[in-house]
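Data file: data_35.pdb. Format and content: PDB, C-alpha atoms, pLDDT in the B column.
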```pdb
ATOM      1  CA  MET A   1      12.273   3.056  -1.652  1.00 83.00           C
ATOM      2  CA  ILE A   2      15.225   3.741   0.563  1.00 87.00           C
ATOM      3  CA  ASN A   3      18.733   2.450  -0.036  1.00 84.00           C
ATOM      4  CA  ILE A   4      19.694   0.155   2.834  1.00 86.00           C
ATOM      5  CA  ASN A   5      23.215   1.670   2.903  1.00 85.00           C
ATOM      6  CA  ASP A   6      21.764   5.139   3.553  1.00 87.00           C
ATOM      7  CA  LEU A   7      19.634   4.026   6.506  1.00 90.00           C
ATOM      8  CA  LYS A   8      20.670   5.121   9.988  1.00 92.00           C
ATOM      9  CA  ILE A   9      19.406   4.374  13.499  1.00 95.00           C
ATOM     10  CA  ASN A  10      16.930   7.063  14.708  1.00 94.00           C
ATOM     11  CA  GLN A  11      16.350   8.247  11.128  1.00 95.00           C
ATOM     12  CA  LYS A  12      12.801   9.380  10.399  1.00 95.00           C
ATOM     13  CA  VAL A  13      11.240   7.292   7.628  1.00 96.00           C
ATOM     14  CA  TRP A  14       7.837   7.090   5.959  1.00 95.00           C
ATOM     15  CA  CYS A  15       5.896   3.976   4.988  1.00 94.00           C
ATOM     16  CA  LYS A  16       2.427   2.711   4.149  1.00 93.00           C
ATOM     17  CA  GLU A  17       0.839   0.760   6.977  1.00 87.00           C
ATOM     18  CA  SER A  18      -0.402  -2.548   5.635  1.00 81.00           C
ATOM     19  CA  TRP A  19      -3.453  -2.759   7.888  1.00 78.00           C
ATOM     20  CA  THR A  20      -4.735   0.820   7.430  1.00 80.00           C
ATOM     21  CA  GLU A  21      -2.957   1.806   4.205  1.00 85.00           C
ATOM     22  CA  ARG A  22      -2.156   5.186   5.790  1.00 90.00           C
ATOM     23  CA  ILE A  23       1.140   6.911   5.082  1.00 94.00           C
ATOM     24  CA  VAL A  24       2.862   7.264   8.443  1.00 94.00           C
ATOM     25  CA  CYS A  25       6.263   8.076   9.858  1.00 94.00           C
ATOM     26  CA  GLY A  26       8.422   6.391  12.442  1.00 94.00           C
ATOM     27  CA  PHE A  27      12.040   6.120  13.475  1.00 95.00           C
ATOM     28  CA  VAL A  28      14.501   3.347  12.632  1.00 95.00           C
ATOM     29  CA  SER A  29      15.442   1.470  15.796  1.00 94.00           C
ATOM     30  CA  GLU A  30      17.083  -1.661  14.384  1.00 92.00           C
ATOM     31  CA  ILE A  31      18.409  -2.943  11.062  1.00 90.00           C
ATOM     32  CA  THR A  32      18.736  -6.719  10.736  1.00 88.00           C
ATOM     33  CA  ARG A  33      19.296  -9.202   7.966  1.00 82.00           C
ATOM     34  CA  ARG A  34      17.091 -12.279   7.743  1.00 74.00           C
ATOM     35  CA  ALA A  35      19.016 -15.484   8.354  1.00 71.00           C
ATOM     36  CA  ASP A  36      17.532 -17.308   5.371  1.00 73.00           C
ATOM     37  CA  ASN A  37      18.517 -14.757   2.692  1.00 70.00           C
ATOM     38  CA  GLU A  38      19.987 -11.330   1.988  1.00 75.00           C
ATOM     39  CA  GLU A  39      16.757  -9.455   2.755  1.00 83.00           C
ATOM     40  CA  HIS A  40      16.869  -6.779   5.450  1.00 86.00           C
ATOM     41  CA  ILE A  41      14.155  -6.171   8.021  1.00 88.00           C
ATOM     42  CA  ILE A  42      13.915  -2.731   9.558  1.00 91.00           C
ATOM     43  CA  LYS A  43      12.364  -2.218  12.994  1.00 93.00           C
ATOM     44  CA  ILE A  44      10.492   1.090  13.128  1.00 93.00           C
ATOM     45  CA  LYS A  45       9.137   2.743  16.277  1.00 94.00           C
ATOM     46  CA  GLY A  46       6.308   5.225  16.164  1.00 92.00           C
ATOM     47  CA  LYS A  47       6.044   8.282  18.359  1.00 91.00           C
ATOM     48  CA  SER A  48       2.591   8.907  19.846  1.00 84.00           C
ATOM     49  CA  TYR A  49       3.199  12.644  20.131  1.00 87.00           C
ATOM     50  CA  LEU A  50       3.775  13.128  16.372  1.00 86.00           C
ATOM     51  CA  GLU A  51       0.634  13.709  14.315  1.00 87.00           C
ATOM     52  CA  ASP A  52       1.742  11.676  11.272  1.00 90.00           C
ATOM     53  CA  SER A  53       3.260   8.813  13.255  1.00 91.00           C
ATOM     54  CA  PHE A  54       1.785   5.442  14.071  1.00 89.00           C
ATOM     55  CA  ILE A  55       1.905   4.184  17.646  1.00 89.00           C
ATOM     56  CA  GLY A  56       3.998   1.151  18.544  1.00 91.00           C
ATOM     57  CA  ILE A  57       6.457  -0.902  16.522  1.00 92.00           C
ATOM     58  CA  THR A  58       6.383  -2.241  12.969  1.00 92.00           C
ATOM     59  CA  TYR A  59       8.836  -4.232  10.890  1.00 91.00           C
ATOM     60  CA  GLN A  60       9.300  -3.108   7.300  1.00 92.00           C
ATOM     61  CA  SER A  61      11.278  -4.001   4.230  1.00 90.00           C
ATOM     62  CA  PRO A  62      13.484  -1.209   2.847  1.00 91.00           C
ATOM     63  CA  ASP A  63      11.251  -1.414  -0.254  1.00 91.00           C
ATOM     64  CA  ASN A  64       8.408   0.113   1.789  1.00 92.00           C
ATOM     65  CA  LEU A  65      10.466   2.895   3.413  1.00 95.00           C
ATOM     66  CA  PHE A  66      10.871   6.418   2.070  1.00 95.00           C
ATOM     67  CA  THR A  67      12.733   9.534   3.162  1.00 95.00           C
ATOM     68  CA  THR A  68       9.761  11.862   2.625  1.00 95.00           C
ATOM     69  CA  LYS A  69       5.998  11.672   2.939  1.00 95.00           C
ATOM     70  CA  GLU A  70       5.629  12.776  -0.691  1.00 96.00           C
ATOM     71  CA  LYS A  71       7.750   9.872  -1.953  1.00 96.00           C
ATOM     72  CA  ALA A  72       5.720   7.410   0.122  1.00 95.00           C
ATOM     73  CA  ILE A  73       2.451   8.828  -1.248  1.00 96.00           C
ATOM     74  CA  ALA A  74       3.725   8.650  -4.833  1.00 96.00           C
ATOM     75  CA  ALA A  75       4.791   5.007  -4.361  1.00 95.00           C
ATOM     76  CA  ALA A  76       1.427   4.104  -2.811  1.00 94.00           C
ATOM     77  CA  LYS A  77      -0.432   5.720  -5.720  1.00 96.00           C
ATOM     78  CA  LYS A  78       1.732   3.868  -8.234  1.00 96.00           C
ATOM     79  CA  GLU A  79       1.134   0.552  -6.462  1.00 95.00           C
ATOM     80  CA  SER A  80      -2.609   1.212  -6.322  1.00 95.00           C
ATOM     81  CA  GLN A  81      -2.721   1.995 -10.043  1.00 97.00           C
ATOM     82  CA  GLU A  82      -0.839  -1.229 -10.818  1.00 97.00           C
ATOM     83  CA  TRP A  83      -3.508  -3.167  -8.897  1.00 97.00           C
ATOM     84  CA  VAL A  84      -6.267  -1.357 -10.816  1.00 97.00           C
ATOM     85  CA  ASP A  85      -4.580  -2.098 -14.141  1.00 97.00           C
ATOM     86  CA  ASN A  86      -4.188  -5.792 -13.255  1.00 97.00           C
ATOM     87  CA  TYR A  87      -7.836  -6.030 -12.204  1.00 98.00           C
ATOM     88  CA  LYS A  88      -8.980  -4.304 -15.381  1.00 97.00           C
ATOM     89  CA  ALA A  89      -7.055  -6.885 -17.396  1.00 97.00           C
ATOM     90  CA  GLU A  90      -9.297  -9.560 -15.821  1.00 96.00           C
ATOM     91  CA  ILE A  91     -12.420  -7.837 -17.205  1.00 97.00           C
ATOM     92  CA  THR A  92     -12.433  -8.323 -20.948  1.00 95.00           C
ATOM     93  CA  ASP A  93     -16.148  -8.570 -21.785  1.00 96.00           C
ATOM     94  CA  ILE A  94     -19.643  -8.410 -20.270  1.00 95.00           C
ATOM     95  CA  ALA A  95     -19.441 -11.957 -18.866  1.00 96.00           C
ATOM     96  CA  SER A  96     -16.207 -11.233 -16.988  1.00 96.00           C
ATOM     97  CA  LEU A  97     -17.674  -7.892 -15.829  1.00 96.00           C
ATOM     98  CA  VAL A  98     -20.632  -9.726 -14.278  1.00 96.00           C
ATOM     99  CA  ALA A  99     -18.389 -12.374 -12.682  1.00 96.00           C
ATOM    100  CA  PHE A 100     -15.773  -9.946 -11.330  1.00 97.00           C
ATOM    101  CA  PRO A 101     -17.591  -8.813  -8.140  1.00 95.00           C
ATOM    102  CA  LEU A 102     -18.290 -12.438  -7.253  1.00 95.00           C
ATOM    103  CA  SER A 103     -14.581 -13.109  -6.758  1.00 95.00           C
ATOM    104  CA  HIS A 104     -13.493  -9.741  -5.283  1.00 96.00           C
ATOM    105  CA  THR A 105     -14.464  -8.038  -2.067  1.00 93.00           C
ATOM    106  CA  PHE A 106     -16.808  -5.085  -2.590  1.00 94.00           C
ATOM    107  CA  TYR A 107     -18.208  -3.004   0.287  1.00 91.00           C
ATOM    108  CA  ALA A 108     -17.200  -5.294   3.134  1.00 90.00           C
ATOM    109  CA  GLU A 109     -15.929  -2.816   5.705  1.00 86.00           C
ATOM    110  CA  GLU A 110     -12.219  -3.339   6.409  1.00 83.00           C
ATOM    111  CA  TYR A 111     -12.034  -6.079   3.759  1.00 88.00           C
ATOM    112  CA  THR A 112     -13.165  -3.824   0.918  1.00 91.00           C
ATOM    113  CA  ASP A 113     -10.835  -3.931  -2.076  1.00 93.00           C
ATOM    114  CA  TYR A 114     -11.025  -0.338  -3.317  1.00 93.00           C
ATOM    115  CA  GLU A 115      -8.747  -0.994  -6.274  1.00 96.00           C
ATOM    116  CA  ALA A 116     -11.085  -3.767  -7.457  1.00 97.00           C
ATOM    117  CA  ILE A 117     -14.062  -1.406  -7.207  1.00 96.00           C
ATOM    118  CA  LYS A 118     -12.223   1.315  -9.103  1.00 96.00           C
ATOM    119  CA  ALA A 119     -11.185  -1.122 -11.847  1.00 97.00           C
ATOM    120  CA  TYR A 120     -14.729  -2.487 -12.085  1.00 96.00           C
ATOM    121  CA  ARG A 121     -16.273   0.967 -12.428  1.00 96.00           C
ATOM    122  CA  GLU A 122     -13.700   2.125 -14.991  1.00 96.00           C
ATOM    123  CA  ARG A 123     -14.050  -1.007 -17.116  1.00 96.00           C
ATOM    124  CA  ALA A 124     -17.857  -0.879 -16.934  1.00 96.00           C
ATOM    125  CA  LYS A 125     -17.747   2.685 -18.316  1.00 95.00           C
ATOM    126  CA  GLU A 126     -15.335   1.577 -21.052  1.00 95.00           C
ATOM    127  CA  LEU A 127     -17.750  -1.215 -21.994  1.00 95.00           C
ATOM    128  CA  GLY A 128     -20.553   1.333 -22.414  1.00 94.00           C
ATOM    129  CA  PHE A 129     -22.398   1.221 -19.109  1.00 94.00           C
ATOM    130  CA  GLU A 130     -23.485   4.428 -17.388  1.00 92.00           C
ATOM    131  CA  ILE A 131     -22.060   4.411 -13.903  1.00 87.00           C
ATOM    132  CA  PRO A 132     -23.187   7.120 -11.444  1.00 84.00           C
ATOM    133  CA  ASP A 133     -20.359   8.939  -9.680  1.00 76.00           C
TER     134      ASP A 133
END
```
Go ahead and express the file in the form of structure tokens.
Amino acid sequence: MININDLKINQKVWCKESWTERIVCGFVSEITRRADNEEHIIKIKGKSYLEDSFIGITYQSPDNLFTTKEKAIAAAKKESQEWVDNYKAEITDIASLVAFPLSHTFYAEEYTDYEAIKAYRERAKELGFEIPD
């Protein structure tokens, strides 16, 4: 996460795209504060000629902006693991293991919840089931 006081116009920043979950870079073009609270919204522009950049414009919270690609990757991995841990907490026995895929999206193209699948597979192994890799 980037400190809002350290952010500058035209600064290169890294973030996780919400729709693709890729780690991409862009450049700060505007820093605004929402009228209804103290939260800042950062306008980021991508550069089509940069390999790691997205194309177009996105609006991000400073909580999703990082100064390096490595920091953005580490934050994304931490967030993913938190999701997995929360999902695993839902699966406490065989009955909840059976019910879990009925309320989470498995293998549904862009709607697939990979953290739910990972949690399901890990918990199934912990409960004694053999799961092929």
Revision key, fill the gap. Closest of A:Ala76, A:Ala99, A:Ala119, A:Ala89 to Glu21 in chain A, counting only C-alpha atoms, is A:Ala76
Point to revise | Output of the PyMOL selection byres ((chain A and resi 58) around 9), listed as a ChimeraX atom specification | key: /A:17,26,42-46,56-57,59-60
**Study point:** Residues near Leu7 in chain A, cut-off 9 Å, all atoms listed in the file, skip fewer than 4 positions along chain, as a ChimeraX atom specification
**Key:** /A:2-3,11,28,31,62
**Study point:** Polymer residues at most 9 Å from Tyr120 in chain A, all atoms listed in the file, same-chain spacing of 2 or more positions, as number ranges by chain
**Key:** A: 84, 87-88, 91, 97, 100-101, 115-118, 122-125
Check your understanding: Near Arg22 in chain A, within 10 Å and counting all atoms listed in the file, which residues show up once chain neighbours fewer than 4 positions away are dropped, as a list in words?
Key -> Cys15, Lys16, Glu17, Ser18, Asp52, Ser53, Phe54, Ala72, Ile73 and Ala76 of chain A
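Summary of the local environment: counting all atoms listed in the file, residues at most 12 Å from Ala74 in chain A, other than itself and those fewer than 2 positions away along its chain, are Met1, Trp14, Cys15, Lys16, Ile23, Asn64, Phe66, Thr68, Lys69, Glu70, Lys71, Ala72, Ala76, Lys77, Lys78, Glu79, Ser80 and Gln81 of chain A.
Taking CA of Ser29 in chain A and CA of Ser61 in chain A as the two end points, the separation is 13.5 Å.
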**Study point:** Residue among A:Tyr111, A:Phe106, A:Trp83, A:Tyr49 lying closest to Trp19 in chain A, counting all atoms listed in the file
**Key:** A:Tyr111
**Study point:** Counting all atoms listed in the file, the option among A:Cys25, A:Thr20, A:Gly128, A:Lys47 closest to Thr67 in chain A
**Key:** A:Cys25
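From CA of Asn10 in chain A back to CA of Phe27 in chain A, the distance works out to 5.1 Å.
In this model, the gap between CA of Ile4 in chain A and CA of Glu30 in chain A comes to 12.0 Å.
For the set A:Thr105, A:Asp63, A:Tyr114, A:Ile94, the residue with the smallest atom-to-atom gap to Glu39 in chain A is A:Asp63, counting only C-alpha atoms.
Residue nearest His40 in chain A within the list A:Glu130, A:Leu65, A:Ala95, A:Lys12: A:Leu65 [criterion: smallest interatomic distance, all atoms listed in the file].
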